[in-house]
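Asker: Below is the file coords-v1.cif, with mmCIF, C-alpha atoms.
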data_target
#
loop_
_atom_site.label_atom_id
_atom_site.label_comp_id
_atom_site.auth_asym_id
_atom_site.auth_seq_id
_atom_site.Cartn_x
_atom_site.Cartn_y
_atom_site.Cartn_z
CA MET Y 247 10.49 -6.09 23.97
CA ILE Y 248 10.54 -3.61 21.11
CA LYS Y 249 13.49 -3.93 18.76
CA ARG Y 250 14.67 -1.06 16.57
CA ILE Y 251 12.26 -0.58 13.69
CA PHE Y 252 13.45 0.52 10.25
CA THR Y 253 10.14 1.80 8.84
CA PRO Y 254 9.70 1.93 5.96
CA ILE Y 255 13.38 2.20 5.20
CA SER Y 256 15.52 -0.29 3.29
CA ILE Y 257 15.25 -3.04 5.88
CA PHE Y 258 12.01 -2.96 7.86
CA LEU Y 259 12.10 -5.00 11.06
CA VAL Y 260 8.75 -5.18 12.81
CA LEU Y 261 8.39 -5.73 16.56
CA LEU Y 262 9.61 -8.92 18.15
CA LEU Y 263 6.67 -9.88 20.35
CA SER Y 264 6.94 -12.61 22.94
CA LEU Y 265 4.18 -15.16 23.03
CA GLY Y 266 3.73 -17.42 26.01
CA SER Y 267 1.96 -20.75 26.47
CA ALA Y 268 1.74 -23.35 29.17
CA ALA Y 269 3.75 -25.78 27.09
CA ALA Y 270 6.48 -23.56 25.74
CA LYS Y 271 7.32 -20.01 24.79
CA GLN Y 272 6.52 -19.08 21.24
CA THR Y 273 7.70 -15.99 19.40
CA ALA Y 274 5.69 -14.09 16.85
CA PRO Y 275 7.75 -13.66 13.73
CA SER Y 276 9.07 -10.32 12.63
CA PHE Y 277 9.23 -9.37 8.99
CA ILE Y 278 11.83 -7.89 6.69
CA ARG Y 279 10.75 -5.44 4.04
CA ASP Y 280 13.31 -4.23 1.55
CA ALA Y 281 12.80 -2.79 -1.93
CA GLU Y 282 15.82 -4.49 -3.48
CA ILE Y 283 15.31 -7.91 -1.86
CA GLU Y 284 11.62 -7.96 -2.77
CA HIS Y 285 12.52 -6.93 -6.32
CA THR Y 286 15.03 -9.80 -6.56
CA LEU Y 287 12.59 -12.38 -5.22
CA ARG Y 288 9.87 -11.22 -7.62
CA ALA Y 289 12.32 -11.27 -10.53
CA TYR Y 290 13.13 -14.89 -9.66
CA ALA Y 291 9.51 -15.85 -9.02
CA ARG Y 292 7.47 -14.03 -11.66
CA PRO Y 293 8.41 -16.31 -14.62
CA LEU Y 294 7.68 -19.37 -12.47
CA PHE Y 295 4.30 -18.00 -11.40
CA LYS Y 296 3.47 -17.34 -15.05
CA ALA Y 297 4.57 -20.86 -16.03
CA ALA Y 298 2.19 -22.21 -13.37
CA GLY Y 299 -0.70 -20.20 -14.76
CA LEU Y 300 -0.75 -17.81 -11.82
CA ASN Y 301 -1.03 -14.04 -11.91
CA GLY Y 302 2.22 -12.91 -10.33
CA ASP Y 303 0.59 -9.76 -8.97
CA ASP Y 304 -1.82 -11.90 -6.96
CA VAL Y 305 0.89 -13.86 -5.14
CA GLU Y 306 2.16 -12.06 -2.03
CA ILE Y 307 5.71 -12.73 -0.86
CA TYR Y 308 6.69 -12.24 2.80
CA ILE Y 309 10.19 -12.49 4.29
CA ILE Y 310 10.23 -13.78 7.87
CA ASN Y 311 13.16 -12.56 9.96
CA SER Y 312 14.26 -15.89 11.37
CA THR Y 313 17.45 -17.92 11.00
CA ASP Y 314 15.37 -21.05 10.54
CA LEU Y 315 15.64 -22.66 7.12
CA ASN Y 316 12.09 -22.77 5.83
CA ALA Y 317 9.54 -21.62 3.29
CA PHE Y 318 5.83 -22.32 3.04
CA VAL Y 319 2.62 -21.18 1.40
CA ALA Y 320 -0.53 -20.43 3.37
CA GLY Y 321 -3.65 -18.31 3.48
CA GLY Y 322 -4.30 -18.51 -0.25
CA GLN Y 323 -1.59 -17.23 -2.56
CA ARG Y 324 0.87 -16.14 0.12
CA LEU Y 325 4.48 -17.30 0.00
CA PHE Y 326 6.51 -17.00 3.21
CA ILE Y 327 10.31 -17.31 2.96
CA TYR Y 328 12.62 -17.32 5.97
CA ARG Y 329 15.78 -15.23 6.11
CA GLY Y 330 17.68 -18.37 7.10
CA LEU Y 331 16.81 -19.98 3.79
CA LEU Y 332 17.79 -16.90 1.80
CA GLU Y 333 21.16 -16.86 3.54
CA ARG Y 334 21.72 -20.63 3.26
CA VAL Y 335 21.18 -21.19 -0.48
CA GLU Y 336 24.44 -21.36 -2.42
CA ASN Y 337 23.23 -20.26 -5.85
CA PRO Y 338 20.15 -18.80 -7.57
CA GLY Y 339 19.10 -22.24 -8.84
CA GLN Y 340 18.59 -23.49 -5.30
CA LEU Y 341 16.41 -20.54 -4.35
CA LYS Y 342 14.46 -20.75 -7.60
CA GLY Y 343 13.94 -24.45 -6.95
CA VAL Y 344 12.36 -23.67 -3.57
CA ILE Y 345 10.13 -20.99 -5.11
CA ALA Y 346 9.14 -23.34 -7.94
CA HIS Y 347 8.30 -26.10 -5.43
CA GLU Y 348 6.15 -23.79 -3.29
CA THR Y 349 4.50 -22.52 -6.48
CA GLY Y 350 3.61 -26.15 -7.16
CA HIS Y 351 1.81 -26.28 -3.81
CA ILE Y 352 -0.14 -23.12 -4.67
CA ALA Y 353 -1.09 -24.23 -8.18
CA GLY Y 354 -1.95 -27.71 -6.94
CA GLY Y 355 -4.31 -26.41 -4.26
CA HIS Y 356 -2.53 -28.48 -1.63
CA LEU Y 357 -3.24 -26.12 1.25
CA ALA Y 358 -6.95 -26.16 0.50
CA ARG Y 359 -6.93 -29.96 0.61
CA THR Y 360 -4.96 -29.98 3.83
CA ARG Y 361 -7.46 -27.55 5.31
CA ASP Y 362 -10.32 -29.88 4.47
CA ALA Y 363 -8.59 -32.67 6.37
CA LEU Y 364 -8.31 -30.68 9.59
CA ALA Y 365 -10.84 -30.00 12.32
CA ASN Y 366 -12.70 -26.75 11.82
CA ALA Y 367 -11.50 -25.25 15.11
CA ASN Y 368 -7.89 -25.80 14.16
CA VAL Y 369 -8.44 -24.32 10.72
CA LYS Y 370 -9.91 -21.14 12.21
CA SER Y 371 -6.93 -20.87 14.54
CA ILE Y 372 -4.40 -21.28 11.73
CA VAL Y 373 -6.17 -19.02 9.25
CA GLY Y 374 -6.30 -16.44 12.03
CA MET Y 375 -2.55 -16.81 12.43
CA ILE Y 376 -1.92 -16.28 8.72
CA LEU Y 377 -4.15 -13.21 8.66
CA GLY Y 378 -2.33 -11.95 11.72
CA LEU Y 379 1.02 -12.40 10.02
CA ALA Y 380 -0.22 -10.48 7.00
CA ALA Y 381 -1.48 -7.66 9.24
CA MET Y 382 1.90 -7.45 10.95
CA ALA Y 383 3.73 -7.34 7.63
CA ALA Y 384 1.44 -4.55 6.45
CA GLY Y 385 2.43 -2.51 9.48
CA GLY Y 386 -0.28 -3.70 11.85
CA GLY Y 387 2.22 -4.50 14.59
CA GLN Y 388 0.38 -5.24 17.81
CA ALA Y 389 -2.97 -5.80 16.12
CA GLY Y 390 -1.45 -8.56 14.05
CA ALA Y 391 0.23 -10.04 17.08
CA ALA Y 392 -3.12 -10.21 18.88
CA VAL Y 393 -4.44 -12.41 16.07
CA VAL Y 394 -1.32 -14.56 16.09
CA LEU Y 395 -1.75 -15.12 19.82
CA GLY Y 396 -4.87 -17.10 19.04
CA SER Y 397 -3.02 -19.71 17.00
CA GLN Y 398 -1.95 -23.08 18.34
CA ASP Y 399 1.50 -24.38 17.55
CA ALA Y 400 0.60 -28.05 17.12
CA ALA Y 401 -2.24 -27.27 14.76
CA THR Y 402 -0.06 -24.91 12.78
CA LYS Y 403 2.64 -27.51 12.24
CA SER Y 404 0.02 -29.97 11.03
CA PHE Y 405 -1.54 -27.41 8.70
CA LEU Y 406 1.79 -26.45 7.15
CA SER Y 407 2.95 -30.00 6.56
CA TYR Y 408 2.49 -31.88 3.31
CA SER Y 409 1.93 -35.50 2.43
CA ARG Y 410 4.44 -37.47 0.37
CA THR Y 411 2.03 -37.38 -2.56
CA GLN Y 412 1.77 -33.58 -2.35
CA GLU Y 413 5.54 -33.23 -2.05
CA SER Y 414 6.16 -35.37 -5.11
CA SER Y 415 3.46 -33.52 -7.02
CA ALA Y 416 5.00 -30.14 -6.14
CA ASP Y 417 8.45 -31.45 -7.14
CA GLN Y 418 7.27 -32.57 -10.54
CA ALA Y 419 5.36 -29.35 -11.07
CA ALA Y 420 8.44 -27.35 -10.10
CA ILE Y 421 10.59 -29.06 -12.74
CA THR Y 422 7.87 -28.43 -15.31
CA TYR Y 423 7.85 -24.72 -14.46
CA LEU Y 424 11.65 -24.54 -14.59
CA ASN Y 425 11.66 -26.30 -17.98
CA ARG Y 426 9.01 -23.94 -19.31
CA THR Y 427 11.22 -20.99 -18.35
CA GLY Y 428 14.40 -22.59 -19.74
CA GLN Y 429 16.07 -23.01 -16.35
CA SER Y 430 17.93 -25.90 -14.78
CA GLY Y 431 16.41 -27.88 -11.92
CA ARG Y 432 19.85 -28.94 -10.69
CA GLY Y 433 19.73 -26.38 -7.88
CA MET Y 434 16.49 -27.87 -6.63
CA VAL Y 435 18.11 -31.29 -6.28
CA GLU Y 436 21.09 -29.70 -4.54
CA PHE Y 437 18.81 -27.99 -2.04
CA LEU Y 438 16.94 -31.21 -1.26
CA GLU Y 439 20.25 -32.91 -0.64
CA ILE Y 440 21.17 -30.16 1.80
CA ILE Y 441 17.82 -30.54 3.58
CA GLY Y 442 18.07 -34.34 3.51
CA LYS Y 443 21.15 -34.19 5.70
CA ASP Y 444 18.88 -32.99 8.52
CA GLN Y 445 17.69 -36.53 9.15
CA TYR Y 446 21.13 -37.31 10.55
CA GLN Y 447 21.09 -34.32 12.93
CA PRO Y 448 19.79 -34.22 16.52
CA GLN Y 449 16.01 -33.84 16.61
CA SER Y 450 16.25 -30.37 18.16
CA THR Y 451 18.36 -29.00 15.30
CA ILE Y 452 16.33 -30.32 12.37
CA SER Y 453 15.09 -27.44 10.20
CA SER Y 454 11.38 -26.75 10.02
CA TYR Y 455 11.59 -27.11 6.24
CA TYR Y 456 12.55 -30.76 6.67
CA ARG Y 457 9.75 -31.27 9.20
CA SER Y 458 7.08 -29.83 6.89
CA HIS Y 459 8.63 -31.02 3.60
CA PRO Y 460 10.01 -34.50 4.42
CA VAL Y 461 12.83 -35.56 2.12
CA SER Y 462 13.13 -39.21 1.13
CA SER Y 463 15.77 -40.86 -1.06
CA GLU Y 464 12.99 -41.86 -3.47
CA ARG Y 465 11.86 -38.26 -3.76
CA VAL Y 466 15.39 -37.03 -4.52
CA SER Y 467 15.96 -39.84 -7.04
CA ALA Y 468 12.70 -39.09 -8.89
CA LEU Y 469 13.57 -35.42 -9.04
CA ALA Y 470 17.14 -36.08 -10.16
CA GLN Y 471 15.84 -38.25 -13.00
CA ARG Y 472 13.58 -35.44 -14.24
CA VAL Y 473 16.50 -33.04 -14.14
CA LYS Y 474 18.76 -35.51 -15.97
CA ASN Y 475 16.21 -35.74 -18.79
CA SER Y 476 15.75 -31.99 -19.04
CA PRO Y 477 17.31 -30.17 -22.01
CA TYR Y 478 18.11 -27.33 -19.60
CA LYS Y 479 19.94 -29.37 -16.97
CA ASP Y 480 23.26 -27.67 -17.65
CA THR Y 481 21.92 -24.15 -18.18
CA PRO Y 482 23.87 -21.88 -15.81
CA ALA Y 483 22.37 -19.08 -13.78
CA SER Y 484 22.77 -15.67 -15.38
CA ASP Y 485 25.44 -13.33 -14.06
CA ALA Y 486 22.71 -10.89 -13.07
CA ASP Y 487 20.96 -13.54 -10.96
CA VAL Y 488 24.21 -14.54 -9.25
CA ILE Y 489 25.06 -10.93 -8.40
CA ALA Y 490 21.52 -10.26 -7.16
CA LEU Y 491 21.73 -13.23 -4.77
CA LYS Y 492 25.12 -12.15 -3.42
CA ARG Y 493 23.82 -8.62 -2.87
CA MET Y 494 20.73 -9.89 -1.09
CA GLN Y 495 22.74 -12.12 1.22
CA ALA Y 496 25.25 -9.35 1.97
CA LYS Y 497 22.44 -6.94 2.74
CA LEU Y 498 20.70 -9.37 5.07
CA TYR Y 499 23.97 -10.07 6.86
CA GLY Y 500 24.84 -6.41 7.32
CA PHE Y 501 21.42 -5.52 8.70
CA THR Y 502 21.02 -8.47 11.08
CA ARG Y 503 24.51 -8.90 12.55
CA PRO Y 504 26.70 -6.68 14.71
CA LEU Y 505 29.57 -4.92 12.95
CA PRO Y 506 32.36 -7.27 14.20
CA LYS Y 507 30.60 -10.27 12.66
CA THR Y 508 30.00 -8.39 9.43
CA LEU Y 509 33.68 -7.44 9.21
CA LYS Y 510 34.70 -11.03 9.87
CA GLN Y 511 32.42 -12.31 7.09
CA TYR Y 512 33.26 -9.41 4.75
CA PRO Y 513 36.76 -8.18 5.72
CA GLU Y 514 38.09 -4.88 4.41
CA SER Y 515 40.53 -6.81 2.23
CA ASP Y 516 37.52 -8.01 0.23
CA GLN Y 517 36.72 -5.29 -2.29
CA SER Y 518 33.90 -7.14 -4.05
CA LEU Y 519 30.65 -5.27 -4.52
CA GLU Y 520 28.76 -7.42 -2.02
CA ALA Y 521 31.47 -7.05 0.63
CA ARG Y 522 31.47 -3.26 0.40
CA TYR Y 523 27.68 -3.33 0.48
CA ALA Y 524 27.60 -5.35 3.69
CA ARG Y 525 30.29 -3.22 5.34
CA ALA Y 526 28.52 0.03 4.40
CA ILE Y 527 25.40 -1.24 6.17
CA GLY Y 528 27.38 -2.45 9.17
CA TYR Y 529 29.26 0.83 9.48
CA PHE Y 530 26.22 3.12 9.40
CA ARG Y 531 24.41 0.97 11.95
CA TYR Y 532 27.42 0.88 14.28
CA PRO Y 533 27.45 3.93 13.77
CA ASP Y 534 30.51 5.04 11.82
CA LEU Y 535 28.98 7.31 9.19
CA PRO Y 536 32.22 8.46 7.48
CA LYS Y 537 33.27 4.88 6.76
CA ALA Y 538 29.74 4.01 5.63
CA ILE Y 539 29.56 6.93 3.21
CA LYS Y 540 33.00 6.10 1.83
CA GLU Y 541 31.88 2.56 1.00
CA ILE Y 542 28.54 3.72 -0.41
CA ASP Y 543 30.15 6.41 -2.55
CA SER Y 544 32.49 3.81 -4.03
CA LEU Y 545 29.45 1.73 -5.01
CA ILE Y 546 27.66 4.74 -6.50
CA ALA Y 547 30.78 5.72 -8.44
CA GLU Y 548 30.78 2.28 -10.10
CA SER Y 549 26.99 2.10 -10.62
CA PRO Y 550 25.54 5.63 -10.59
CA SER Y 551 22.18 4.42 -11.95
CA ASP Y 552 21.64 1.84 -9.19
CA PRO Y 553 18.70 3.14 -7.09
CA TYR Y 554 19.42 0.91 -4.11
CA PHE Y 555 22.86 2.41 -3.48
CA HIS Y 556 21.34 5.91 -3.41
CA GLU Y 557 18.56 4.60 -1.16
CA LEU Y 558 21.14 3.22 1.24
CA LYS Y 559 23.01 6.54 1.32
CA GLY Y 560 19.77 8.31 2.16
CA GLN Y 561 19.05 5.80 4.91
CA ALA Y 562 22.55 6.08 6.38
CA LEU Y 563 22.26 9.87 6.56
CA TYR Y 564 18.70 9.84 7.88
CA GLU Y 565 19.38 7.18 10.51
CA ASN Y 566 22.33 9.24 11.73
CA GLY Y 567 20.37 12.47 12.05
CA ASP Y 568 21.07 14.25 8.76
CA ILE Y 569 17.47 14.58 7.57
CA PHE Y 570 18.04 17.26 4.96
CA GLY Y 571 21.18 15.54 3.66
CA ALA Y 572 19.13 12.39 3.06
CA LEU Y 573 16.71 14.12 0.68
CA ALA Y 574 18.98 14.37 -2.38
CA PRO Y 575 20.07 10.69 -2.55
CA LEU Y 576 16.50 9.55 -1.89
CA GLU Y 577 15.13 11.78 -4.64
CA THR Y 578 17.73 10.25 -6.96
CA ALA Y 579 16.69 6.75 -5.85
CA MET Y 580 13.04 7.60 -6.51
CA THR Y 581 13.86 9.00 -9.95
CA LEU Y 582 15.80 5.86 -10.84
CA ALA Y 583 13.12 3.51 -9.44
CA PRO Y 584 9.79 5.35 -9.69
CA ASN Y 585 7.82 2.10 -9.32
CA GLU Y 586 9.40 0.94 -6.04
CA PRO Y 587 6.78 1.73 -3.36
CA LEU Y 588 9.12 1.21 -0.40
CA ILE Y 589 11.56 3.79 -1.77
CA LEU Y 590 8.70 6.21 -2.40
CA THR Y 591 7.35 5.73 1.11
CA PHE Y 592 10.77 6.24 2.66
CA TYR Y 593 11.27 9.44 0.67
CA GLY Y 594 7.84 10.66 1.83
CA THR Y 595 8.79 9.81 5.41
CA VAL Y 596 11.96 11.90 5.23
CA LEU Y 597 10.10 14.79 3.59
CA ASN Y 598 7.69 14.75 6.52
CA ALA Y 599 10.56 14.54 9.00
CA THR Y 600 11.92 17.91 7.87
CA GLY Y 601 8.92 19.61 9.48
CA ASP Y 602 8.52 21.89 6.46
CA VAL Y 603 4.91 22.21 5.23
CA ARG Y 604 6.11 22.54 1.63
CA ASN Y 605 7.94 19.22 1.97
CA SER Y 606 4.79 17.63 3.40
CA GLU Y 607 2.88 18.87 0.35
CA ARG Y 608 5.49 17.11 -1.79
CA ALA Y 609 5.20 14.03 0.45
CA ILE Y 610 1.47 13.79 -0.29
CA VAL Y 611 2.20 13.38 -4.00
CA VAL Y 612 5.01 10.87 -3.41
CA LEU Y 613 3.07 8.80 -0.86
CA ASN Y 614 0.00 8.60 -3.09
CA ASP Y 615 2.27 7.35 -5.88
CA SER Y 616 3.53 4.67 -3.48
CA LEU Y 617 -0.03 3.61 -2.65
CA SER Y 618 -0.80 3.18 -6.35
CA PHE Y 619 1.72 0.31 -6.32
CA ASP Y 620 1.18 -1.00 -2.78
CA PRO Y 621 -2.13 0.12 -1.22
CA ASN Y 622 -1.73 -2.22 1.76
CA ASN Y 623 1.30 -0.64 3.43
CA GLY Y 624 0.09 0.73 6.75
CA ASN Y 625 3.18 2.88 7.17
CA THR Y 626 2.44 4.70 3.91
CA TRP Y 627 -1.05 5.55 5.14
CA ASP Y 628 0.41 6.64 8.47
CA GLN Y 629 2.86 9.00 6.79
CA LEU Y 630 0.11 10.29 4.51
CA ALA Y 631 -1.99 11.09 7.57
CA THR Y 632 0.96 13.02 8.99
CA ALA Y 633 1.35 14.97 5.76
CA TYR Y 634 -2.35 15.83 5.59
CA SER Y 635 -2.25 16.91 9.22
CA ARG Y 636 0.64 19.27 8.47
CA THR Y 637 -1.20 20.80 5.51
CA GLY Y 638 -4.48 21.16 7.41
CA ASP Y 639 -6.55 18.74 5.28
CA THR Y 640 -8.70 17.22 8.03
CA GLY Y 641 -10.88 15.17 5.70
CA MET Y 642 -7.97 13.38 4.04
CA LEU Y 643 -6.25 13.02 7.42
CA SER Y 644 -9.28 11.12 8.71
CA LEU Y 645 -9.53 9.03 5.52
CA ALA Y 646 -5.86 8.02 5.73
CA SER Y 647 -6.29 7.20 9.43
CA ALA Y 648 -9.29 5.02 8.59
CA GLU Y 649 -7.31 3.13 5.97
CA ARG Y 650 -4.43 2.55 8.39
CA SER Y 651 -6.77 1.36 11.16
CA LEU Y 652 -8.48 -1.03 8.76
CA LEU Y 653 -5.13 -2.57 7.78
CA GLU Y 654 -4.26 -2.94 11.46
CA GLY Y 655 -7.51 -4.78 12.14
CA ASN Y 656 -8.64 -2.02 14.51
CA TYR Y 657 -12.18 -1.95 13.13
CA GLN Y 658 -13.85 0.33 15.65
CA LYS Y 659 -11.14 2.93 15.13
CA ALA Y 660 -11.50 2.58 11.36
CA ILE Y 661 -15.24 3.22 11.62
CA PHE Y 662 -14.66 6.25 13.85
CA HIS Y 663 -12.21 7.87 11.43
CA ALA Y 664 -14.30 6.99 8.36
CA GLN Y 665 -17.49 8.47 9.79
CA ARG Y 666 -15.61 11.58 10.78
CA ALA Y 667 -14.09 11.88 7.30
CA GLN Y 668 -17.46 11.63 5.54
CA ASP Y 669 -18.37 15.07 6.90
CA PHE Y 670 -15.71 16.55 4.62
CA PHE Y 671 -16.67 14.89 1.33
CA LYS Y 672 -19.59 15.29 -1.05
CA LEU Y 673 -22.18 12.52 -0.92
CA GLY Y 674 -21.50 10.06 -3.74
CA SER Y 675 -17.94 11.27 -4.42
CA PRO Y 676 -15.21 8.59 -4.85
CA SER Y 677 -13.74 9.39 -1.41
CA TYR Y 678 -17.18 9.25 0.23
CA LEU Y 679 -17.93 5.90 -1.38
CA ARG Y 680 -14.55 4.52 -0.28
CA LEU Y 681 -15.33 5.58 3.27
CA ASP Y 682 -18.68 3.79 2.99
CA ASP Y 683 -16.81 0.64 1.94
CA ILE Y 684 -14.47 0.95 4.94
CA ILE Y 685 -17.41 1.32 7.35
CA THR Y 686 -19.26 -1.65 5.83
CA TYR Y 687 -16.21 -3.94 5.84
CA ALA Y 688 -15.16 -2.91 9.34
CA ASN Y 689 -18.66 -3.54 10.72
CA GLN Y 690 -18.79 -6.98 9.11
CA ALA Y 691 -15.29 -7.89 10.31
CA SER Y 692 -15.88 -6.71 13.85
CA ARG Y 693 -19.02 -8.86 14.12
CA LYS Y 694 -16.96 -11.93 13.19
CA GLN Y 695 -14.43 -11.34 15.96
#
Now, as a test, write the supplied structure out as structure tokens.
Answerer:
Amino acid sequence: MIKRIFTPISIFLVLLLSLGSAAAKQTAPSFIRDAEIEHTLRAYARPLFKAAGLNGDDVEIYIINSTDLNAFVAGGQRLFIYRGLLERVENPGQLKGVIAHETGHIAGGHLARTRDALANANVKSIVGMILGLAAMAAGGGQAGAAVVLGSQDAATKSFLSYSRTQESSADQAAITYLNRTGQSGRGMVEFLEIIGKDQYQPQSTISSYYRSHPVSSERVSALAQRVKNSPYKDTPASDADVIALKRMQAKLYGFTRPLPKTLKQYPESDQSLEARYARAIGYFRYPDLPKAIKEIDSLIAESPSDPYFHELKGQALYENGDIFGALAPLETAMTLAPNEPLILTFYGTVLNATGDVRNSERAIVVLNDSLSFDPNNGNTWDQLATAYSRTGDTGMLSLASAERSLLEGNYQKAIFHAQRAQDFFKLGSPSYLRLDDIITYANQASRKQ
């Protein structure tokens, strides 16, 4: 069943695709994409990646839209965090502790070692699943789901589980990274204590984080001792980090719950920033646009330079049919956050939606700017193809379609569009050479299928 898709707007919920098996029904995960939430997670993670000797730009972060409490790394430097975990943590230190721990798994090469210990057939299945997840997150939708269908649940659980030695190693590495960045590891201990309570719950309710990251009293004690000896053990989280977490949790709640639940969690008597944020989202989705705009305008009045409030206003107007009204707040959001690719892509989408050729010409510039920051967003390429179609640029339309098809894993379609596009470009030009690369990669990939 297809759920409503916010693409590539503030919250981007991909399809929920049902997977069946003889043993039990499995569900392919959907993904959340949001400029502000991704910015917050990267702001938390980047110093930790650097402390671990990793290039932060090389580590991809994905948010899985599931209430399960989990996080894992897989498929190289890919960090997957579940919505349930983001909503469950009580302070920034707990979330940073999880990120630091998973960073320890990446830096320690634990997934590579686990892979070596598994049968080759299982590894292929699981790596296929991870690649499928990445394709879905990039906008591949059904193509990604087709890859995920090939994975096997039992093998996946084995692949994503860690030994006690690896867990302890990641713990110790995490505290080292937190110390190097002058942050307390107390939140990490708190989170493990929360997870450790799972062992007393019925088997069916135990979180997948506990299953893949078993928590022992010895592990908690060893970690607590490191924290006790740290000079930063009592360093509090910054006000900015606390506010960012509250905003993220309010945003997730407003986008994933019906309005009555949002109003119960964030009643109108609560005039905090995060409460108004959640209600604004709940109202426009209900839809009650006047109430949503009133809440959003109150946020903008307090923080006129906050791009995400302007982005939300643009989304509320666009989602409720006021396409031209959405342009001004989105242009403001883009001006305030010119390096946020999701905001740029959304603005390009709305420009295209006006049906005005002049706006599509503007969209081409904006969407290409977005691709300079995030070249692997299939929706950006899709909107770029639309803009080129409107302006009559057949060569660039075919090139953009080839790029989108390649990201989807539709290799034959990518080859078709690339070969067609080459007729419009000079031999040896940068665009021609890029099309050659697409054809070569697609041919190689299709032979491996």
Asker: Suppose a student applies the PyMOL selection byres ((chain Y and resi 671) around 12) to this structure; what residues should they get, written as a PyMOL selection string?
Answerer: chain Y and resi 639-642+644-645+664-670+672-682
Asker: For Ala281 (chain Y), work out the shell of residues within 8 Å, counting all atoms listed in the file and skipping chain neighbours fewer than 6 positions away, then give it as a ChimeraX atom specification.
Answerer: /Y:256,554,586-589
Asker: List the neighbours of Ala483 (chain Y) out to 12 Å using only C-alpha atoms; skip same-chain residues closer than 5 positions along the sequence, and give me the result as a list in words.
Answerer: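 Contacts, in chain order: Tyr290, Glu336, Asn337, Pro338, Gly339, Gln340, Leu341, Lys342, Gly428, Gln429, Ser430, Gly431, Arg432, Gly433, Tyr478, Val488, Ile489, Ala490 and Leu491 of chain Y.
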Asker: When you count all atoms listed in the file, which of these residues is closest to Tyr634 (chain Y): Y:Asn656, Y:Asn605, Y:Gln561, Y:Asn622?
Answerer: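 Of Y:Asn656, Y:Asn605, Y:Gln561, Y:Asn622, the one nearest Tyr634 (chain Y), counting all atoms listed in the file, is Y:Asn605.
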Asker: Identify which of the residues Y:Ala346, Y:Leu545, Y:Ile685, Y:Leu558 lies closest to Thr578 (chain Y), counting all atoms listed in the file when measuring atom-to-atom distances.
Answerer: Y:Leu558
Asker: To one decimal place, how far is CA of Glu548 (chain Y) from CA of Gly594 (chain Y) in Å?
Answerer: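 One can read the CA of Glu548 (chain Y) to CA of Gly594 (chain Y) distance as 27.2 Å.
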Asker: Could you pull the residues within 9 Å of Ala572 (chain Y), counting only C-alpha atoms, minus those fewer than 6 positions along the same chain, as a list in words?
Answerer: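 Non-adjacent residues within range: Glu557, Lys559, Gly560, Gln561, Ala562, Leu563, Tyr564, Tyr593 and Val596 of chain Y.
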